[in-house]
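So this block is entry_15.cif, mmCIF, N, CA, C and O atoms:
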data_upload
#
loop_
_atom_site.label_atom_id
_atom_site.label_comp_id
_atom_site.auth_asym_id
_atom_site.auth_seq_id
_atom_site.Cartn_x
_atom_site.Cartn_y
_atom_site.Cartn_z
N MET A 15 -5.52 -33.36 -65.57
CA MET A 15 -4.86 -32.26 -64.92
C MET A 15 -3.77 -32.81 -64.01
O MET A 15 -4.01 -33.74 -63.25
N THR A 16 -2.59 -32.24 -64.10
CA THR A 16 -1.47 -32.70 -63.28
C THR A 16 -1.35 -31.87 -62.00
O THR A 16 -2.01 -30.83 -61.86
N LYS A 17 -0.48 -32.32 -61.10
CA LYS A 17 -0.27 -31.59 -59.85
C LYS A 17 0.23 -30.18 -60.13
O LYS A 17 -0.23 -29.21 -59.51
N SER A 18 1.15 -30.02 -61.08
CA SER A 18 1.68 -28.69 -61.37
C SER A 18 0.59 -27.79 -61.95
O SER A 18 0.56 -26.58 -61.66
N GLU A 19 -0.31 -28.35 -62.74
CA GLU A 19 -1.42 -27.55 -63.28
C GLU A 19 -2.37 -27.13 -62.17
O GLU A 19 -2.87 -26.00 -62.17
N ILE A 20 -2.61 -28.01 -61.22
CA ILE A 20 -3.46 -27.67 -60.07
C ILE A 20 -2.83 -26.54 -59.28
O ILE A 20 -3.50 -25.57 -58.90
N VAL A 21 -1.53 -26.64 -59.04
CA VAL A 21 -0.82 -25.60 -58.29
C VAL A 21 -0.91 -24.27 -59.02
O VAL A 21 -1.18 -23.23 -58.40
N LYS A 22 -0.71 -24.26 -60.33
CA LYS A 22 -0.79 -23.02 -61.11
C LYS A 22 -2.18 -22.41 -61.04
O LYS A 22 -2.32 -21.19 -60.89
N GLU A 23 -3.22 -23.25 -61.15
CA GLU A 23 -4.59 -22.75 -61.09
C GLU A 23 -4.90 -22.13 -59.73
O GLU A 23 -5.46 -21.04 -59.65
N ILE A 24 -4.55 -22.84 -58.66
CA ILE A 24 -4.82 -22.32 -57.32
C ILE A 24 -4.03 -21.03 -57.09
O ILE A 24 -4.56 -20.06 -56.55
N SER A 25 -2.78 -21.01 -57.52
CA SER A 25 -1.95 -19.83 -57.36
C SER A 25 -2.53 -18.63 -58.11
O SER A 25 -2.59 -17.51 -57.58
N ALA A 26 -2.99 -18.87 -59.33
CA ALA A 26 -3.57 -17.79 -60.14
C ALA A 26 -4.88 -17.28 -59.54
O ALA A 26 -5.14 -16.07 -59.54
N LYS A 27 -5.71 -18.18 -59.02
CA LYS A 27 -7.02 -17.79 -58.49
C LYS A 27 -6.93 -17.13 -57.11
O LYS A 27 -7.78 -16.30 -56.77
N THR A 28 -5.90 -17.50 -56.31
CA THR A 28 -5.82 -16.96 -54.96
C THR A 28 -4.77 -15.87 -54.80
O THR A 28 -4.80 -15.13 -53.83
N GLY A 29 -3.81 -15.81 -55.72
CA GLY A 29 -2.73 -14.85 -55.60
C GLY A 29 -1.63 -15.29 -54.65
O GLY A 29 -0.72 -14.53 -54.35
N ILE A 30 -1.70 -16.53 -54.18
CA ILE A 30 -0.68 -17.06 -53.29
C ILE A 30 0.47 -17.58 -54.14
O ILE A 30 0.26 -18.14 -55.21
N ASP A 31 1.69 -17.40 -53.64
CA ASP A 31 2.88 -17.86 -54.35
C ASP A 31 2.78 -19.35 -54.66
O ASP A 31 2.34 -20.14 -53.83
N SER A 32 3.21 -19.74 -55.86
CA SER A 32 3.08 -21.14 -56.28
C SER A 32 3.90 -22.09 -55.41
O SER A 32 3.51 -23.24 -55.23
N LYS A 33 5.00 -21.63 -54.84
CA LYS A 33 5.79 -22.50 -53.96
C LYS A 33 5.02 -22.83 -52.69
O LYS A 33 5.07 -23.96 -52.19
N ALA A 34 4.29 -21.84 -52.17
CA ALA A 34 3.49 -22.07 -50.97
C ALA A 34 2.33 -23.01 -51.29
O ALA A 34 2.02 -23.91 -50.50
N VAL A 35 1.71 -22.81 -52.43
CA VAL A 35 0.60 -23.68 -52.84
C VAL A 35 1.10 -25.11 -53.02
O VAL A 35 0.46 -26.06 -52.58
N LEU A 36 2.25 -25.27 -53.66
CA LEU A 36 2.83 -26.59 -53.87
C LEU A 36 3.09 -27.28 -52.53
O LEU A 36 2.81 -28.47 -52.37
N ALA A 37 3.61 -26.53 -51.56
CA ALA A 37 3.88 -27.10 -50.24
C ALA A 37 2.59 -27.59 -49.58
O ALA A 37 2.55 -28.67 -48.97
N VAL A 38 1.51 -26.82 -49.73
CA VAL A 38 0.22 -27.21 -49.15
C VAL A 38 -0.34 -28.44 -49.85
O VAL A 38 -0.80 -29.38 -49.20
N VAL A 39 -0.29 -28.46 -51.18
CA VAL A 39 -0.82 -29.59 -51.94
C VAL A 39 -0.03 -30.87 -51.59
O VAL A 39 -0.63 -31.92 -51.35
N GLU A 40 1.29 -30.77 -51.55
CA GLU A 40 2.09 -31.94 -51.21
C GLU A 40 1.87 -32.37 -49.76
O GLU A 40 1.83 -33.55 -49.46
N GLY A 41 1.69 -31.40 -48.86
CA GLY A 41 1.38 -31.71 -47.47
C GLY A 41 0.05 -32.45 -47.35
O GLY A 41 -0.06 -33.43 -46.60
N PHE A 42 -0.95 -31.99 -48.10
CA PHE A 42 -2.25 -32.65 -48.10
C PHE A 42 -2.12 -34.09 -48.59
O PHE A 42 -2.63 -35.02 -47.97
N MET A 43 -1.41 -34.26 -49.71
CA MET A 43 -1.24 -35.61 -50.27
C MET A 43 -0.50 -36.52 -49.30
O MET A 43 -0.89 -37.69 -49.13
N ASN A 44 0.51 -36.02 -48.63
CA ASN A 44 1.25 -36.82 -47.66
C ASN A 44 0.39 -37.22 -46.47
O ASN A 44 0.47 -38.35 -45.97
N GLU A 45 -0.45 -36.30 -46.00
CA GLU A 45 -1.33 -36.61 -44.87
C GLU A 45 -2.35 -37.67 -45.24
O GLU A 45 -2.65 -38.57 -44.45
N VAL A 46 -2.90 -37.59 -46.45
CA VAL A 46 -3.86 -38.60 -46.91
C VAL A 46 -3.17 -39.96 -46.99
O VAL A 46 -3.69 -40.96 -46.50
N LYS A 47 -1.98 -40.00 -47.59
CA LYS A 47 -1.25 -41.27 -47.70
C LYS A 47 -0.91 -41.84 -46.33
O LYS A 47 -1.05 -43.04 -46.11
N THR A 48 -0.46 -40.99 -45.42
CA THR A 48 -0.10 -41.44 -44.08
C THR A 48 -1.32 -42.00 -43.36
O THR A 48 -1.26 -43.08 -42.75
N SER A 49 -2.44 -41.29 -43.44
CA SER A 49 -3.67 -41.74 -42.77
C SER A 49 -4.13 -43.07 -43.33
O SER A 49 -4.48 -43.98 -42.58
N LEU A 50 -4.14 -43.20 -44.65
CA LEU A 50 -4.57 -44.46 -45.26
C LEU A 50 -3.61 -45.59 -44.92
O LEU A 50 -4.03 -46.73 -44.73
N GLY A 51 -2.32 -45.27 -44.82
CA GLY A 51 -1.33 -46.27 -44.43
C GLY A 51 -1.55 -46.78 -43.02
O GLY A 51 -1.17 -47.90 -42.68
N GLU A 52 -2.18 -45.97 -42.18
CA GLU A 52 -2.49 -46.35 -40.80
C GLU A 52 -3.93 -46.85 -40.68
O GLU A 52 -4.48 -46.90 -39.59
N ASN A 53 -4.55 -47.18 -41.82
CA ASN A 53 -5.94 -47.67 -41.88
C ASN A 53 -6.95 -46.67 -41.34
O ASN A 53 -7.97 -47.06 -40.78
N GLU A 54 -6.67 -45.39 -41.46
CA GLU A 54 -7.61 -44.34 -41.08
C GLU A 54 -8.19 -43.74 -42.35
O GLU A 54 -7.46 -43.36 -43.25
N ASN A 55 -9.51 -43.66 -42.41
CA ASN A 55 -10.16 -43.06 -43.57
C ASN A 55 -10.10 -41.54 -43.48
O ASN A 55 -10.01 -40.98 -42.39
N VAL A 56 -10.16 -40.86 -44.62
CA VAL A 56 -10.12 -39.41 -44.68
C VAL A 56 -11.44 -38.94 -45.31
O VAL A 56 -11.77 -39.33 -46.43
N TYR A 57 -12.19 -38.12 -44.58
CA TYR A 57 -13.49 -37.65 -45.05
C TYR A 57 -13.42 -36.14 -45.31
O TYR A 57 -13.07 -35.38 -44.42
N LEU A 58 -13.76 -35.73 -46.53
CA LEU A 58 -13.78 -34.32 -46.90
C LEU A 58 -15.22 -33.98 -47.31
O LEU A 58 -15.65 -34.30 -48.41
N ARG A 59 -15.93 -33.34 -46.40
CA ARG A 59 -17.34 -33.03 -46.61
C ARG A 59 -17.53 -32.22 -47.90
O ARG A 59 -16.84 -31.26 -48.15
N GLY A 60 -18.46 -32.67 -48.74
CA GLY A 60 -18.75 -31.98 -49.99
C GLY A 60 -17.84 -32.39 -51.13
O GLY A 60 -18.05 -32.01 -52.28
N PHE A 61 -16.80 -33.17 -50.85
CA PHE A 61 -15.87 -33.62 -51.87
C PHE A 61 -15.89 -35.13 -52.01
O PHE A 61 -16.16 -35.66 -53.07
N GLY A 62 -15.58 -35.83 -50.92
CA GLY A 62 -15.59 -37.29 -50.95
C GLY A 62 -14.75 -37.87 -49.83
O GLY A 62 -14.30 -37.16 -48.95
N SER A 63 -14.55 -39.18 -49.91
CA SER A 63 -13.81 -39.89 -48.88
C SER A 63 -12.71 -40.74 -49.50
O SER A 63 -12.93 -41.39 -50.53
N PHE A 64 -11.56 -40.72 -48.86
CA PHE A 64 -10.49 -41.64 -49.20
C PHE A 64 -10.58 -42.74 -48.16
O PHE A 64 -10.41 -42.47 -46.97
N ILE A 65 -10.89 -43.95 -48.59
CA ILE A 65 -11.09 -45.03 -47.64
C ILE A 65 -10.19 -46.21 -47.98
O ILE A 65 -9.70 -46.33 -49.09
N VAL A 66 -9.98 -47.05 -46.97
CA VAL A 66 -9.19 -48.26 -47.14
C VAL A 66 -10.17 -49.43 -47.20
O VAL A 66 -10.96 -49.62 -46.29
N LYS A 67 -10.11 -50.18 -48.30
CA LYS A 67 -10.95 -51.37 -48.42
C LYS A 67 -10.07 -52.60 -48.26
O LYS A 67 -8.94 -52.64 -48.74
N LYS A 68 -10.61 -53.58 -47.59
CA LYS A 68 -9.89 -54.82 -47.36
C LYS A 68 -10.32 -55.83 -48.42
O LYS A 68 -11.50 -56.10 -48.58
N ARG A 69 -9.37 -56.37 -49.13
CA ARG A 69 -9.63 -57.42 -50.12
C ARG A 69 -9.31 -58.76 -49.49
O ARG A 69 -8.23 -58.95 -48.91
N ALA A 70 -10.22 -59.69 -49.61
CA ALA A 70 -10.02 -61.02 -49.03
C ALA A 70 -9.03 -61.83 -49.87
O ALA A 70 -8.79 -61.53 -51.04
N GLN A 71 -8.48 -62.85 -49.25
CA GLN A 71 -7.58 -63.76 -49.97
C GLN A 71 -8.39 -64.45 -51.06
O GLN A 71 -9.56 -64.77 -50.88
N LYS A 72 -7.76 -64.65 -52.22
CA LYS A 72 -8.46 -65.34 -53.29
C LYS A 72 -7.48 -66.18 -54.11
O LYS A 72 -6.27 -65.99 -54.06
N THR A 73 -8.05 -67.12 -54.86
CA THR A 73 -7.27 -67.97 -55.73
C THR A 73 -7.38 -67.44 -57.15
O THR A 73 -8.49 -67.16 -57.62
N ALA A 74 -6.26 -67.31 -57.83
CA ALA A 74 -6.24 -66.82 -59.21
C ALA A 74 -5.59 -67.86 -60.10
O ALA A 74 -4.86 -68.74 -59.63
N ARG A 75 -5.85 -67.76 -61.40
CA ARG A 75 -5.26 -68.69 -62.35
C ARG A 75 -4.39 -67.96 -63.34
O ARG A 75 -4.74 -66.91 -63.84
N ASN A 76 -3.24 -68.59 -63.64
CA ASN A 76 -2.38 -68.12 -64.72
C ASN A 76 -2.70 -69.01 -65.90
O ASN A 76 -2.29 -70.17 -65.97
N ILE A 77 -3.48 -68.48 -66.84
CA ILE A 77 -3.98 -69.28 -67.95
C ILE A 77 -2.85 -69.79 -68.84
O ILE A 77 -2.88 -70.93 -69.30
N SER A 78 -1.84 -68.96 -69.07
CA SER A 78 -0.76 -69.36 -69.98
C SER A 78 0.06 -70.53 -69.43
O SER A 78 0.55 -71.36 -70.18
N LYS A 79 0.22 -70.60 -68.10
CA LYS A 79 0.99 -71.70 -67.49
C LYS A 79 0.08 -72.77 -66.90
O LYS A 79 0.57 -73.78 -66.41
N ASN A 80 -1.22 -72.52 -66.92
CA ASN A 80 -2.22 -73.44 -66.37
C ASN A 80 -1.92 -73.79 -64.91
O ASN A 80 -1.92 -74.95 -64.51
N THR A 81 -1.63 -72.75 -64.13
CA THR A 81 -1.35 -72.94 -62.71
C THR A 81 -2.27 -72.02 -61.90
O THR A 81 -2.85 -71.07 -62.43
N THR A 82 -2.39 -72.34 -60.63
CA THR A 82 -3.16 -71.47 -59.74
C THR A 82 -2.21 -70.87 -58.71
O THR A 82 -1.17 -71.44 -58.40
N MET A 83 -2.60 -69.74 -58.20
CA MET A 83 -1.81 -69.08 -57.17
C MET A 83 -2.77 -68.42 -56.19
O MET A 83 -3.90 -68.11 -56.54
N ILE A 84 -2.29 -68.24 -54.99
CA ILE A 84 -3.11 -67.60 -53.97
C ILE A 84 -2.65 -66.15 -53.83
O ILE A 84 -1.47 -65.88 -53.63
N ILE A 85 -3.62 -65.25 -53.95
CA ILE A 85 -3.34 -63.82 -53.74
C ILE A 85 -3.75 -63.53 -52.30
O ILE A 85 -4.92 -63.71 -51.94
N PRO A 86 -2.82 -63.12 -51.45
CA PRO A 86 -3.14 -62.91 -50.03
C PRO A 86 -4.09 -61.72 -49.83
O PRO A 86 -4.23 -60.86 -50.70
N ALA A 87 -4.73 -61.70 -48.68
CA ALA A 87 -5.59 -60.58 -48.32
C ALA A 87 -4.75 -59.32 -48.27
O ALA A 87 -3.58 -59.35 -47.87
N HIS A 88 -5.32 -58.20 -48.72
CA HIS A 88 -4.58 -56.94 -48.72
C HIS A 88 -5.55 -55.77 -48.70
O HIS A 88 -6.74 -55.93 -48.93
N ASN A 89 -5.01 -54.61 -48.39
CA ASN A 89 -5.80 -53.38 -48.36
C ASN A 89 -5.52 -52.57 -49.62
O ASN A 89 -4.40 -52.57 -50.13
N ILE A 90 -6.55 -51.87 -50.11
CA ILE A 90 -6.37 -50.98 -51.25
C ILE A 90 -7.03 -49.63 -50.95
O ILE A 90 -8.06 -49.58 -50.28
N PRO A 91 -6.43 -48.54 -51.42
CA PRO A 91 -7.06 -47.23 -51.23
C PRO A 91 -8.13 -47.01 -52.29
O PRO A 91 -7.99 -47.42 -53.44
N VAL A 92 -9.23 -46.38 -51.87
CA VAL A 92 -10.35 -46.12 -52.77
C VAL A 92 -10.84 -44.70 -52.51
O VAL A 92 -10.88 -44.24 -51.37
N PHE A 93 -11.22 -44.00 -53.58
CA PHE A 93 -11.85 -42.68 -53.43
C PHE A 93 -13.32 -42.83 -53.72
O PHE A 93 -13.71 -43.38 -54.75
N LYS A 94 -14.15 -42.36 -52.81
CA LYS A 94 -15.60 -42.40 -53.00
C LYS A 94 -16.10 -40.95 -53.01
O LYS A 94 -16.07 -40.27 -51.99
N PRO A 95 -16.53 -40.44 -54.18
CA PRO A 95 -16.99 -39.06 -54.25
C PRO A 95 -18.30 -38.85 -53.49
O PRO A 95 -19.12 -39.76 -53.39
N SER A 96 -18.50 -37.62 -53.00
CA SER A 96 -19.73 -37.29 -52.29
C SER A 96 -20.87 -37.16 -53.29
O SER A 96 -20.66 -37.02 -54.49
N GLU A 97 -22.08 -37.20 -52.80
CA GLU A 97 -23.25 -37.06 -53.67
C GLU A 97 -23.25 -35.69 -54.34
O GLU A 97 -23.63 -35.56 -55.50
N GLU A 98 -22.83 -34.67 -53.61
CA GLU A 98 -22.74 -33.31 -54.16
C GLU A 98 -21.74 -33.28 -55.32
O GLU A 98 -22.00 -32.68 -56.36
N PHE A 99 -20.61 -33.93 -55.15
CA PHE A 99 -19.57 -34.02 -56.18
C PHE A 99 -20.13 -34.74 -57.41
O PHE A 99 -19.98 -34.27 -58.54
N LEU A 100 -20.78 -35.88 -57.20
CA LEU A 100 -21.35 -36.65 -58.31
C LEU A 100 -22.40 -35.85 -59.07
O LEU A 100 -22.45 -35.88 -60.30
N ALA A 101 -23.25 -35.14 -58.33
CA ALA A 101 -24.30 -34.35 -58.97
C ALA A 101 -23.69 -33.25 -59.84
O ALA A 101 -24.17 -32.98 -60.94
N MET A 102 -22.62 -32.63 -59.37
CA MET A 102 -21.96 -31.58 -60.13
C MET A 102 -21.36 -32.14 -61.41
O MET A 102 -21.46 -31.54 -62.48
N ILE A 103 -20.76 -33.31 -61.34
CA ILE A 103 -20.16 -33.94 -62.51
C ILE A 103 -21.23 -34.35 -63.52
O ILE A 103 -21.09 -34.14 -64.73
N LYS A 104 -22.33 -34.89 -63.02
CA LYS A 104 -23.42 -35.31 -63.92
C LYS A 104 -24.04 -34.12 -64.65
O LYS A 104 -24.45 -34.24 -65.79
N MET A 105 -24.07 -32.98 -63.97
CA MET A 105 -24.66 -31.78 -64.57
C MET A 105 -23.67 -31.10 -65.51
O MET A 105 -24.05 -30.22 -66.26
N GLY A 106 -22.41 -31.47 -65.44
CA GLY A 106 -21.39 -30.86 -66.28
C GLY A 106 -20.95 -29.49 -65.79
O GLY A 106 -20.35 -28.72 -66.52
N LYS A 107 -21.23 -29.18 -64.53
CA LYS A 107 -20.84 -27.90 -63.94
C LYS A 107 -19.52 -28.04 -63.24
O LYS A 107 -19.17 -29.08 -62.72
N GLN A 108 -18.79 -26.93 -63.19
CA GLN A 108 -17.50 -26.94 -62.50
C GLN A 108 -17.52 -25.97 -61.36
O GLN A 108 -18.13 -25.01 -61.32
#
Let me see the structure of the file written as structure tokens.
Amino acid sequence: MTKSEIVKEISAKTGIDSKAVLAVVEGFMNEVKTSLGENENVYLRGFGSFIVKKRAQKTARNISKNTTMIIPAHNIPVFKPSEEFLAMIKMGKQ
């Protein structure tokens, strides 16, 4: 499902203009990105958490050139679904 499909679904189900829904969806996405960029986790009860995980520095190998390189420590965004969300998916309910 794409962002435009999500906007259409929400607009159809709520009767709210699609431009307003799009503004809210994009605002939500921007707030999540901004928070994660500032190393703040985002918790949505009943849905899940957007968290920042720290990856340690590690050594990697380039097999084709037979060389090693160091990958510096970095942060990555991760989504962790809530137990309620996981149970719904396992049951196949929407």
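Using only C-alpha atoms, the contacts of range 57-62 of chain A at a cut-off of 12 Å, with sequence neighbours closer than 4 positions omitted, comprise A:Phe42, A:Val46, A:Ser49, A:Leu50, A:Val66, A:Val92, A:Phe93, A:Lys94, A:Pro95, A:Ser96, A:Glu97, A:Glu98, A:Phe99, A:Leu100, A:Ala101, A:Met102, A:Ile103.
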| query | Between CA of Met105 in chain A and atom N of Met43 in chain A, what is the spacing in Å? | reply |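 Going from atom N of Met43 in chain A over to CA of Met105 in chain A covers 27.7 Å.
Between Leu36 in chain A and the residues A:Gly51, A:Met15, A:Ile20, A:Asn76, the shortest atom-to-atom distance, using only C-alpha atoms, involves A:Ile20.
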| message | Which residue is closest to Pro86 in chain A? Choose from A:Ala74, A:Ile24, A:Val38, A:Arg69 and count all atoms listed in the file. | response | A:Arg69
| task | Find, counting only C-alpha atoms, the residue in A:Ser18, A:Asn80, A:Lys72, A:Phe64 that gets nearest to Glu45 in chain A. | result |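 Smallest distance to Glu45 in chain A is found for A:Phe64.
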| task | Assign secondary structure with DSSP using the backbone only, and return the residues of chain A in helix (DSSP H, G or I) as a PyMOL selection string. | result | chain A and resi 17-28+32-51+97-105
| message | Please compute the atom O of Val56 in chain A-CA of Lys22 in chain A distance, one decimal, in Å. | response |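 Separating atom O of Val56 in chain A from CA of Lys22 in chain A is a distance of 24.5 Å.
Picture a line from atom O of Thr73 in chain A to atom N of His88 in chain A; it runs 13.0 Å.
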| message | When DSSP is applied to the backbone of this structure, which of chain A are assigned strand (DSSP E)? Write them out as an MDAnalysis selection string. | response | chainID A and resid 56:58 62:69 72:76 81:85 88:95
For range 23-34 of chain A, supply all heavy atoms and format the output as a compact mmCIF listing (two decimals), keeping the file's coordinate frame.
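Writing the result to selection06.txt gives the following:
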# COMPACT_ATOMS: atom_id res chain seq x y z
N GLU A 23 -3.22 -23.25 -61.15
CA GLU A 23 -4.59 -22.75 -61.09
C GLU A 23 -4.90 -22.13 -59.73
O GLU A 23 -5.46 -21.04 -59.65
CB GLU A 23 -5.59 -23.89 -61.38
CG GLU A 23 -5.67 -24.28 -62.82
CD GLU A 23 -6.33 -23.24 -63.69
OE1 GLU A 23 -7.31 -22.60 -63.26
OE2 GLU A 23 -5.83 -23.04 -64.82
N ILE A 24 -4.55 -22.84 -58.66
CA ILE A 24 -4.82 -22.32 -57.32
C ILE A 24 -4.03 -21.03 -57.09
O ILE A 24 -4.56 -20.06 -56.55
CB ILE A 24 -4.48 -23.37 -56.25
CG1 ILE A 24 -5.44 -24.55 -56.36
CG2 ILE A 24 -4.54 -22.76 -54.84
CD1 ILE A 24 -5.09 -25.73 -55.48
N SER A 25 -2.78 -21.01 -57.52
CA SER A 25 -1.95 -19.83 -57.36
C SER A 25 -2.53 -18.63 -58.11
O SER A 25 -2.59 -17.51 -57.58
CB SER A 25 -0.53 -20.12 -57.85
OG SER A 25 0.29 -19.00 -57.70
N ALA A 26 -2.99 -18.87 -59.33
CA ALA A 26 -3.57 -17.79 -60.14
C ALA A 26 -4.88 -17.28 -59.54
O ALA A 26 -5.14 -16.07 -59.54
CB ALA A 26 -3.80 -18.28 -61.57
N LYS A 27 -5.71 -18.18 -59.02
CA LYS A 27 -7.02 -17.79 -58.49
C LYS A 27 -6.93 -17.13 -57.11
O LYS A 27 -7.78 -16.30 -56.77
CB LYS A 27 -7.95 -18.99 -58.42
CG LYS A 27 -8.39 -19.44 -59.80
CD LYS A 27 -9.31 -20.64 -59.73
CE LYS A 27 -9.71 -21.07 -61.13
NZ LYS A 27 -10.56 -22.26 -61.13
N THR A 28 -5.90 -17.50 -56.31
CA THR A 28 -5.82 -16.96 -54.96
C THR A 28 -4.77 -15.87 -54.80
O THR A 28 -4.80 -15.13 -53.83
CB THR A 28 -5.49 -18.08 -53.95
OG1 THR A 28 -4.21 -18.65 -54.27
CG2 THR A 28 -6.56 -19.16 -53.94
N GLY A 29 -3.81 -15.81 -55.72
CA GLY A 29 -2.73 -14.85 -55.60
C GLY A 29 -1.63 -15.29 -54.65
O GLY A 29 -0.72 -14.53 -54.35
N ILE A 30 -1.70 -16.53 -54.18
CA ILE A 30 -0.68 -17.06 -53.29
C ILE A 30 0.47 -17.58 -54.14
O ILE A 30 0.26 -18.14 -55.21
CB ILE A 30 -1.27 -18.19 -52.41
CG1 ILE A 30 -2.41 -17.64 -51.55
CG2 ILE A 30 -0.20 -18.81 -51.53
CD1 ILE A 30 -3.17 -18.71 -50.80
N ASP A 31 1.69 -17.40 -53.64
CA ASP A 31 2.88 -17.86 -54.35
C ASP A 31 2.78 -19.35 -54.66
O ASP A 31 2.34 -20.14 -53.83
CB ASP A 31 4.12 -17.59 -53.48
CG ASP A 31 5.40 -18.01 -54.15
OD1 ASP A 31 5.63 -17.61 -55.31
OD2 ASP A 31 6.17 -18.76 -53.51
N SER A 32 3.21 -19.74 -55.86
CA SER A 32 3.08 -21.14 -56.28
C SER A 32 3.90 -22.09 -55.41
O SER A 32 3.51 -23.24 -55.23
CB SER A 32 3.45 -21.30 -57.75
OG SER A 32 4.78 -20.93 -57.98
N LYS A 33 5.00 -21.63 -54.84
CA LYS A 33 5.79 -22.50 -53.96
C LYS A 33 5.02 -22.83 -52.69
O LYS A 33 5.07 -23.96 -52.19
CB LYS A 33 7.13 -21.84 -53.61
CG LYS A 33 8.10 -21.82 -54.77
CD LYS A 33 9.42 -21.20 -54.38
CE LYS A 33 10.35 -21.14 -55.59
NZ LYS A 33 11.62 -20.54 -55.26
N ALA A 34 4.29 -21.84 -52.17
CA ALA A 34 3.49 -22.07 -50.97
C ALA A 34 2.33 -23.01 -51.29
O ALA A 34 2.02 -23.91 -50.50
CB ALA A 34 2.96 -20.74 -50.43
